[in-house]
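Participant: This structure is in structure tokens; I'll ask about it shortly.
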Amino acid sequence: MIENIIFYVISAVTIGSALTTIFARKSVYAIIGMVLAFFSAATLWILLNAEFLAMILIVVYVGAVMVLFLFVVMMTDADTVQNNISKFFIVILSIPTIAFLFELILVTSKTSFKVVDGGGSFDIKSIGTALFTDYVLATEVAAVILLVAIIAAITLPDIKPAKRPEPDFDSELANKANRLRMVAMNSSETEADQ
Amino acid sequence: MDLAYLVILAPLFAAAITALWGNRLGRKFTHSVTSASVFVALVVSSVLLYKVYILQQAPYYVQMFKWLAISDAIKITIGVHVAPLTTLMMVVVSAVSFCVHIFSIGYMEEDEGYNRFFTYIAFFTFSMLTLVAANNFLQLFIGWEAVGLSSYLLIGFWYSKPSATAASLKAFLVNRVGDMGLVLGVAAIFYTFNTFEFADIFSQIAGDGAQNDINFLGFMISPYEVIAILLFIGAMGKSAQFPLHVWLPDSMEGPTPISALIHAATMVTAGVFMVARLAPVYEQAEFARMFMLTIGTITAISMGFVAIFQYDIKRIVAYSTISQLGYMVIGLGASAYSASIFHLATHAFFKALMFLVAGSVILALHHKQDVRKMGGLRKKMPISFVCAVFAALALVGFPGTSGFFSKELIIEAVQHSGMGEVFYILAMFGVLLTSIYSFRFIFIVFFGKPRMSAEAYDHIHEPAKVVTIPLILLAIPSFLVGALMFNHLILNNALGVAALAQPDNPLAVSISEFSGWGDMLLAVVHHPIALILILVGCGIAWFITRSGEFAEHKSKSVKGILSNGYYLNEIYAVFVVQPVQVIALIAHKAFDNAFIDTVLVNGTAFVIEKSSRLLKKTQTGYVYHYLLAMFIFVVIFGWLAIRSGVTL
Amino acid sequence: MIELKDVLALSSILFAFGIAGVILHRRNLVRLLMCVELILLAVNINFVAFSNSLADISGQIFVFFILTIAAAESAVGLAMIITLYREYKTVDLDKLTELRE
């Protein structure tokens with residue numbers, strides 16, 4: 001019973017923070033909204049017996065990714081982008097969004113999912129075992145992808161802007177006289193050559 | 001791998017090799033490969049002939065592969081049927097084809113399409129052998145159409161000549177008319193007997209003859225009559241019988257070796273061969289035989305008249321070929337199937353010889369074909385002259401030559417057929433006509449004064465050995481093969497035609513008097529009518545050509561009508577070609593131009609252009625527009641999915 | 001006990017908001033990327049919920065990999081935004097039209 005109450009509260013917080021993310025005027029507020037969303041999602045995951053992933057979510061997303069976002073927002077003038085969202089557009093957008101939401105909830109509520117009594121609870125050890133036995137290949141690939149991403153993230157901002165080509169004045173000066181040369185040739189010789 | 005495979009496969013491979021690499025490997029390679037392949041076919045078919053004739057082996061079938069297996073009962077195979085009739089045809093085809101190959105080495109020497117020519121004739125030989133070797137209707141049909149194709153390609157061989165392409169098209173179209181009959185006939189066969197195989201059909205006929213009548217155009221007709229007449233219509237197209245013969249004279253636009261091989265010796269006899277092959281079916285169809293007799297007589301007589309008034313050396317021989325094909329059909333109509341095949345075989349040799357003689361003359365005169373510009377060639381071209389005389393004697397059926405035995409048998413069979421005395425008299429009259437045009441050919445070309453300039457006459461000489469050797473090779477069988485084959489083919493009934501075994505068969509009645517070919521030769525003394533007619537014809541021919549003046553016939557005189565082949569082409573032009581052209585014009589204007597071009601083609605383009613101009617506006621280049629559209633459609637389709645009861 | 005359907009409803013709401021946000025913030029690259037993260041979070045919640053209700057560890061493993069890839073994706077994406085910004089002095093998507101012309 002207490003779990004349910006916690007769940008509803010968390011859900012409300014998540015939805016609210018998601019709305020903040022979308023509608024905040026300043027990007028920094030949007031980031032704070034996202035952080036809140038991640039925190040509440042982590043709480044939800046704890047309720048769903050996924051403690052390890054909840055910690056990972058907070059460490060990776062809140063600790064690293066969101067900080068990255070924050071840096072980017074500070075380094076660029078993200079908030080200066082003219083984003084004049086009209087009311088009309090929001091209405092237009094909200095119709096399919098609400099319809100979509102309605103459909104999703106309708107489908108999920110109509111479908112009868114298999115539910116195991118008591119639910120599954122997995123500790124870090126079992127996740128680790130699964131990762132390095134059944135999913136070892138995927139883990140390796142993920143590691144390589146991470147490595148590539150690190151290298152990319154380091155080298156990408158280091159690329160110098162390409163030089164735009166200067167206008168070619170030589171070609172504007174060109175004319176028939178200094179490009180084409182007429183040569184008289186004996187036609188019988190060319191035939192013999194062929 | 002049976003030996004019999006080689007008969008079909010050797011020419012096919014030769015044609016394929018020369019078609020693919022002939023131009024690269026040179027002329028010598030091309031003609032040696034194709035000639036060798038045909039020689040292989042000749043040797044192998046001779047071996048097969050020896051097996052079934054001399055060693056009296058039972059006929060057997062060599063299956064090359066199974067083409068279609070519709071059910072256990074209905075399966076279509078490709079293979080070689082080794083039986084007396086088929087092997088005889090194979091030998092005739094490959095022998096004539098071999099001679100023509102050798103002849104063409106000399107004849108086509110200066111032609112640019114040398115490799116193409118040899119590829120075509122090797123392919124033709126393959127097709128003809130496929131047709132002959134068939135033991136079911138579909139293989140026969142494949143061969144039938146393939147020889148039609150090679151004939152089309154070879155008539156139009158000099159494709160830069162408009163008359164040649166027109167002639168090839170004409171041959172193809174006229175043959176289509178006949179082929180329609182053939183296809184319907186095959187369909188009727190399958191409808192009646194539920195099989196395509198000859199042997200099954202024959203055994204069903206021998207078993208219970210009672211079949212349900214076919215509703216043909218509202219009349220209930222015996223299935224045998226329907227099948228026989230439909231198939232004979234096919235044979236009429238291919239074997240150039242009276243209303244459908246118009247393509248054969250025009251086909252002389254092709255090279256002369258082709259005229260010898262395809263339009264005299266082999267392909268045009270395919271129709272006769274097919275009818276003889278299906279003798280048991282035709283034995284059940286009396287009306288169809290009467291029909292064939294009538295058509296054959298009309299063809300033999302009317303085309304004999306036309307041949308007398310031709311001035312083109314090849315057209316003379318072409319009309320004579322149609323006339324002789326008429327004789328073969330008369331034989332079929334009189335139930336004398338083996339006599340027809342006999343005549344087919346002898347005719348193949350002497351008519352090929354005649355064509356090759358004509359070719360050699362044409363070659364010597366630098367491709368001039370008008371007999372009015374010839375004459376007196378006897379002294380300049382002795383080998384050709386002797387060969388021409390042999391061919392002409394065989395053609396008129398002079399006693400002792402091959403043509404004598406075969407043609408006399410057909411006429412005798414007509415006499416005993418009980419179909420009416422008039423056919424016998426007309427067939428006899430045909431002998432007179434044959435004699436007139438054959439001797440006219442000899443006299444007009446080889447006798448008399450030379451009607452060309454003296455300088456040109458001095459330059460005429462016998463062509464090279466590759467040309468004359470095939471003439472000699474063909475002259476020998478033209479003269480002798482009749483007597484040799486008479487005993488085996490006719491008296492011993494080696495073809496195994498069941499009809500001959502019946503005592504009331506006309507041919508059986510007529511040969512009952514003879515115990516050998518010598519008897520038949522001596523019988524001329526008692527019945528000299530034919531010989532007299534031949535001599536009279538010879539005299540008339542001498543009389544016609546004596547004057548040495550050959551005016552162009554007036555178009556409205558009797559001679560003019562005959563020299564133009566009864567104006568049949570013009571009649572067809574008015575009654576067949578023009579209505580078709582009118583229909584085509586209407587279709588062109590109303591359907592093609594107005595409907596397809598304007599409405600369908602341009603209309604489609606118009607609609608697409610307008611709608612794409614409209615659609616172009618939606619292509620803004622903003623990703624979020626696309627995303628929004630995608631989102632909305634996901635919602636719509638999601639809704640449709642939920643409505644139709646989809647759950648996760 | 002938390003009902004599975006309630007969790008799915010929550011993730012559905014997050015997902016729909018995420019998509020709406022992507023369309024809404026069509027011009028601002030940074031905000032757009034944030035909304036993509038929101039969509040990913042919705043997916044992850046689904047995985048965790050099913051992993052729990054089906055007592056299957058695969059769901060959690062998937063979330064683990066998705067987190068990894070998403071982290072890599074945001075790192076590279078943000079690096080690209082920085083590069084773009086240095087080149088064009090803006091993160092406005094409507095002004096990044098080099099390829100269109």
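How things are named: the first chain in the structure tokens is A, the next is B, and so on; residues count from 1 in each chain; ligands count from 1 in the order shown.
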Please, which residues in chain C fall within 6 Å of chain A when counting only C-alpha atoms, and what is the closest atom pair and distance in Å to one decimal for each, ordered by chain then residue number, as CSV?
Facilitator:
```
residue,atom,partner,partner_atom,distance
C:Ile2,CA,A:Asn4,CA,5.8
C:Ala9,CA,A:Ile105,CA,5.6
C:Ala16,CA,A:Thr97,CA,6.0
C:Gly21,CA,A:Ile22,CA,5.5
C:Asn52,CA,A:Gly120,CA,4.7
C:Ser53,CA,A:Gly119,CA,4.9
C:Leu54,CA,A:Val116,CA,5.3
C:Ala55,CA,A:Gly120,CA,3.6
C:Ala72,CA,A:Ala149,CA,5.3
C:Ala75,CA,A:Ala153,CA,6.0
C:Val76,CA,A:Ala153,CA,5.0
C:Ala79,CA,A:Ala153,CA,5.2
C:Thr83,CA,A:Pro157,CA,4.8
C:Glu87,CA,A:Pro161,CA,6.0
C:Asp92,CA,A:Val81,CA,5.9
```
Participant: Which residues of chain C are close to chain B, meaning at most 9 Å apart when you count only C-alpha atoms, and how do they look as a PyMOL selection string?
Facilitator: chain C and resi 19-20+22-27+93-94+100
Participant: Env of Val43 of chain C: 12 Å cut, atoms = only C-alpha atoms, seq-sep filter 5 positions within chain, self excluded. Answer as number ranges by chain.
Facilitator: A: 41; C: 7-16, 18, 36-38, 48-50, 59-60, 62-63, 66-67, 70
Participant: Write a file of the selected residues as a PDB file, in the first residue's frame, keeping N, CA and C atoms.
Facilitator:
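Contents of again08.pdb, as written:
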```
ATOM      1  N   ALA A  41      13.096   8.712 -11.570  1.00  0.00           N
ATOM      2  CA  ALA A  41      13.115   7.434 -12.265  1.00  0.00           C
ATOM      3  C   ALA A  41      13.947   6.428 -11.498  1.00  0.00           C
TER       4      ALA A  41
ATOM      5  N   VAL C   7       3.052   1.497 -14.424  1.00  0.00           N
ATOM      6  CA  VAL C   7       4.402   1.884 -14.854  1.00  0.00           C
ATOM      7  C   VAL C   7       4.423   2.128 -16.358  1.00  0.00           C
ATOM      8  N   LEU C   8       3.725   1.247 -17.100  1.00  0.00           N
ATOM      9  CA  LEU C   8       3.686   1.422 -18.555  1.00  0.00           C
ATOM     10  C   LEU C   8       3.017   2.729 -18.926  1.00  0.00           C
ATOM     11  N   ALA C   9       1.975   3.089 -18.183  1.00  0.00           N
ATOM     12  CA  ALA C   9       1.306   4.364 -18.452  1.00  0.00           C
ATOM     13  C   ALA C   9       2.280   5.515 -18.228  1.00  0.00           C
ATOM     14  N   LEU C  10       3.057   5.432 -17.155  1.00  0.00           N
ATOM     15  CA  LEU C  10       4.028   6.493 -16.871  1.00  0.00           C
ATOM     16  C   LEU C  10       5.047   6.609 -18.000  1.00  0.00           C
ATOM     17  N   SER C  11       5.557   5.451 -18.428  1.00  0.00           N
ATOM     18  CA  SER C  11       6.567   5.511 -19.492  1.00  0.00           C
ATOM     19  C   SER C  11       5.940   5.999 -20.798  1.00  0.00           C
ATOM     20  N   SER C  12       4.675   5.657 -21.024  1.00  0.00           N
ATOM     21  CA  SER C  12       3.995   6.165 -22.219  1.00  0.00           C
ATOM     22  C   SER C  12       3.929   7.674 -22.194  1.00  0.00           C
ATOM     23  N   ILE C  13       3.600   8.215 -21.025  1.00  0.00           N
ATOM     24  CA  ILE C  13       3.513   9.670 -20.916  1.00  0.00           C
ATOM     25  C   ILE C  13       4.873  10.303 -21.198  1.00  0.00           C
ATOM     26  N   LEU C  14       5.934   9.707 -20.625  1.00  0.00           N
ATOM     27  CA  LEU C  14       7.267  10.262 -20.851  1.00  0.00           C
ATOM     28  C   LEU C  14       7.632  10.202 -22.326  1.00  0.00           C
ATOM     29  N   PHE C  15       7.274   9.081 -22.945  1.00  0.00           N
ATOM     30  CA  PHE C  15       7.612   8.886 -24.362  1.00  0.00           C
ATOM     31  C   PHE C  15       6.911   9.930 -25.234  1.00  0.00           C
ATOM     32  N   ALA C  16       5.603  10.092 -25.003  1.00  0.00           N
ATOM     33  CA  ALA C  16       4.841  11.063 -25.804  1.00  0.00           C
ATOM     34  C   ALA C  16       5.377  12.468 -25.582  1.00  0.00           C
ATOM     35  N   GLY C  18       8.368  13.237 -24.745  1.00  0.00           N
ATOM     36  CA  GLY C  18       9.684  13.311 -25.408  1.00  0.00           C
ATOM     37  C   GLY C  18       9.529  13.632 -26.877  1.00  0.00           C
ATOM     38  N   VAL C  36      15.487  13.784 -26.543  1.00  0.00           N
ATOM     39  CA  VAL C  36      15.823  12.414 -26.947  1.00  0.00           C
ATOM     40  C   VAL C  36      16.171  11.581 -25.717  1.00  0.00           C
ATOM     41  N   GLU C  37      16.914  12.199 -24.777  1.00  0.00           N
ATOM     42  CA  GLU C  37      17.251  11.500 -23.530  1.00  0.00           C
ATOM     43  C   GLU C  37      15.998  11.122 -22.762  1.00  0.00           C
ATOM     44  N   LEU C  38      15.017  11.990 -22.837  1.00  0.00           N
ATOM     45  CA  LEU C  38      13.747  11.717 -22.150  1.00  0.00           C
ATOM     46  C   LEU C  38      13.084  10.478 -22.756  1.00  0.00           C
ATOM     47  N   VAL C  48      12.880  -2.012 -17.343  1.00  0.00           N
ATOM     48  CA  VAL C  48      13.024  -2.373 -15.934  1.00  0.00           C
ATOM     49  C   VAL C  48      11.713  -2.960 -15.406  1.00  0.00           C
ATOM     50  N   ALA C  49      10.591  -2.347 -15.810  1.00  0.00           N
ATOM     51  CA  ALA C  49       9.295  -2.822 -15.320  1.00  0.00           C
ATOM     52  C   ALA C  49       9.047  -4.244 -15.777  1.00  0.00           C
ATOM     53  N   PHE C  50       9.336  -4.517 -17.046  1.00  0.00           N
ATOM     54  CA  PHE C  50       9.100  -5.881 -17.545  1.00  0.00           C
ATOM     55  C   PHE C  50      10.066  -6.865 -16.919  1.00  0.00           C
ATOM     56  N   GLY C  59      16.060  -7.886 -19.198  1.00  0.00           N
ATOM     57  CA  GLY C  59      15.627  -6.497 -19.243  1.00  0.00           C
ATOM     58  C   GLY C  59      16.648  -5.579 -18.623  1.00  0.00           C
ATOM     59  N   GLN C  60      17.175  -5.988 -17.488  1.00  0.00           N
ATOM     60  CA  GLN C  60      18.145  -5.128 -16.804  1.00  0.00           C
ATOM     61  C   GLN C  60      19.437  -5.028 -17.599  1.00  0.00           C
ATOM     62  N   PHE C  62      19.655  -5.192 -20.768  1.00  0.00           N
ATOM     63  CA  PHE C  62      19.378  -4.271 -21.885  1.00  0.00           C
ATOM     64  C   PHE C  62      19.499  -2.829 -21.421  1.00  0.00           C
ATOM     65  N   VAL C  63      18.926  -2.544 -20.264  1.00  0.00           N
ATOM     66  CA  VAL C  63      19.011  -1.183 -19.750  1.00  0.00           C
ATOM     67  C   VAL C  63      20.463  -0.772 -19.564  1.00  0.00           C
ATOM     68  N   ILE C  66      21.786   0.041 -22.930  1.00  0.00           N
ATOM     69  CA  ILE C  66      21.211   1.281 -23.446  1.00  0.00           C
ATOM     70  C   ILE C  66      21.839   2.480 -22.758  1.00  0.00           C
ATOM     71  N   LEU C  67      22.050   2.355 -21.459  1.00  0.00           N
ATOM     72  CA  LEU C  67      22.697   3.452 -20.737  1.00  0.00           C
ATOM     73  C   LEU C  67      24.075   3.705 -21.315  1.00  0.00           C
ATOM     74  N   ALA C  70      23.697   5.269 -24.735  1.00  0.00           N
ATOM     75  CA  ALA C  70      23.148   6.619 -24.634  1.00  0.00           C
ATOM     76  C   ALA C  70      24.209   7.592 -24.128  1.00  0.00           C
TER      77      ALA C  70
END
```
Participant: Counting only C-alpha atoms, what are the residues of chain B within 10 Å of chain A, and for each of them which pair of atoms is the nearest and at what distance in Å, to one decimal? Sort the table by chain and rising number, as JSON lines.
Facilitator:
```
{"residue": "B:Leu628", "atom": "CA", "partner": "A:Leu93", "partner_atom": "CA", "distance": 8.0}
{"residue": "B:Phe631", "atom": "CA", "partner": "A:Pro96", "partner_atom": "CA", "distance": 7.4}
{"residue": "B:Ile632", "atom": "CA", "partner": "A:Pro96", "partner_atom": "CA", "distance": 5.9}
{"residue": "B:Phe633", "atom": "CA", "partner": "A:Pro96", "partner_atom": "CA", "distance": 9.2}
{"residue": "B:Val634", "atom": "CA", "partner": "A:Phe100", "partner_atom": "CA", "distance": 8.1}
{"residue": "B:Val635", "atom": "CA", "partner": "A:Phe100", "partner_atom": "CA", "distance": 5.4}
{"residue": "B:Ile636", "atom": "CA", "partner": "A:Phe100", "partner_atom": "CA", "distance": 8.8}
{"residue": "B:Gly638", "atom": "CA", "partner": "A:Glu103", "partner_atom": "CA", "distance": 7.0}
{"residue": "B:Trp639", "atom": "CA", "partner": "A:Glu103", "partner_atom": "CA", "distance": 6.7}
{"residue": "B:Ala641", "atom": "CA", "partner": "A:Val107", "partner_atom": "CA", "distance": 9.8}
{"residue": "B:Ile642", "atom": "CA", "partner": "A:Val107", "partner_atom": "CA", "distance": 7.2}
{"residue": "B:Gly645", "atom": "CA", "partner": "A:Val107", "partner_atom": "CA", "distance": 9.5}
{"residue": "B:Val646", "atom": "CA", "partner": "A:Val107", "partner_atom": "CA", "distance": 8.0}
{"residue": "B:Thr647", "atom": "CA", "partner": "A:Thr111", "partner_atom": "CA", "distance": 5.5}
{"residue": "B:Leu648", "atom": "CA", "partner": "A:Thr111", "partner_atom": "CA", "distance": 5.8}
```
Participant: How would the residues just picked look written out with N, CA and C atoms as a JSON list (two decimals), in the first residue's frame?
Facilitator:
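Once written, part.json looks like this:
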```
[["chain", "number", "residue", "atom", "x", "y", "z"],
["B", 628, "LEU", "N", 6.74, 15.53, -37.55],
["B", 628, "LEU", "CA", 5.34, 15.74, -37.16],
["B", 628, "LEU", "C", 4.42, 14.89, -38.02],
["B", 631, "PHE", "N", 4.68, 11.38, -36.95],
["B", 631, "PHE", "CA", 4.01, 11.23, -35.66],
["B", 631, "PHE", "C", 2.51, 11.10, -35.87],
["B", 632, "ILE", "N", 1.97, 12.00, -36.69],
["B", 632, "ILE", "CA", 0.52, 11.99, -36.92],
["B", 632, "ILE", "C", 0.11, 10.68, -37.58],
["B", 633, "PHE", "N", 0.90, 10.21, -38.52],
["B", 633, "PHE", "CA", 0.51, 8.97, -39.20],
["B", 633, "PHE", "C", 0.66, 7.76, -38.29],
["B", 634, "VAL", "N", 1.69, 7.80, -37.40],
["B", 634, "VAL", "CA", 1.79, 6.71, -36.42],
["B", 634, "VAL", "C", 0.52, 6.67, -35.58],
["B", 635, "VAL", "N", 0.05, 7.85, -35.19],
["B", 635, "VAL", "CA", -1.17, 7.91, -34.39],
["B", 635, "VAL", "C", -2.35, 7.34, -35.17],
["B", 636, "ILE", "N", -2.44, 7.74, -36.46],
["B", 636, "ILE", "CA", -3.59, 7.28, -37.26],
["B", 636, "ILE", "C", -3.55, 5.78, -37.44],
["B", 638, "GLY", "N", -1.90, 3.66, -35.67],
["B", 638, "GLY", "CA", -2.10, 3.03, -34.36],
["B", 638, "GLY", "C", -3.57, 2.90, -34.04],
["B", 639, "TRP", "N", -4.29, 3.96, -34.34],
["B", 639, "TRP", "CA", -5.74, 3.94, -34.08],
["B", 639, "TRP", "C", -6.43, 2.86, -34.92],
["B", 641, "ALA", "N", -5.06, 0.19, -36.03],
["B", 641, "ALA", "CA", -4.66, -1.11, -35.52],
["B", 641, "ALA", "C", -5.47, -1.47, -34.29],
["B", 642, "ILE", "N", -5.68, -0.49, -33.42],
["B", 642, "ILE", "CA", -6.46, -0.77, -32.20],
["B", 642, "ILE", "C", -7.90, -1.10, -32.57],
["B", 645, "GLY", "N", -8.43, -4.52, -33.36],
["B", 645, "GLY", "CA", -8.26, -5.47, -32.27],
["B", 645, "GLY", "C", -6.85, -5.91, -32.01],
["B", 646, "VAL", "N", -5.88, -5.09, -32.37],
["B", 646, "VAL", "CA", -4.50, -5.49, -32.12],
["B", 646, "VAL", "C", -4.13, -5.18, -30.68],
["B", 647, "THR", "N", -3.54, -6.14, -30.02],
["B", 647, "THR", "CA", -3.01, -5.89, -28.68],
["B", 647, "THR", "C", -1.54, -6.22, -28.69],
["B", 648, "LEU", "N", -0.86, -5.91, -27.63],
["B", 648, "LEU", "CA", 0.59, -6.13, -27.61],
["B", 648, "LEU", "C", 0.92, -7.60, -27.44]]
```
Participant: How many Å lie between atom CA of Val82 of chain B and atom CA of Arg289 of chain B, rounded to one decimal?
Facilitator: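 Between atom CA of Val82 of chain B and atom CA of Arg289 of chain B the gap is 27.1 Å.
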Participant: For segment 446-459 of chain B, find every residue with an atom within 8 Å (counting only C-alpha atoms), except residues of its own chain fewer than 4 positions away, and show them as a VMD selection string.
Facilitator: chain B and resid 372 to 378 385 442 546 548
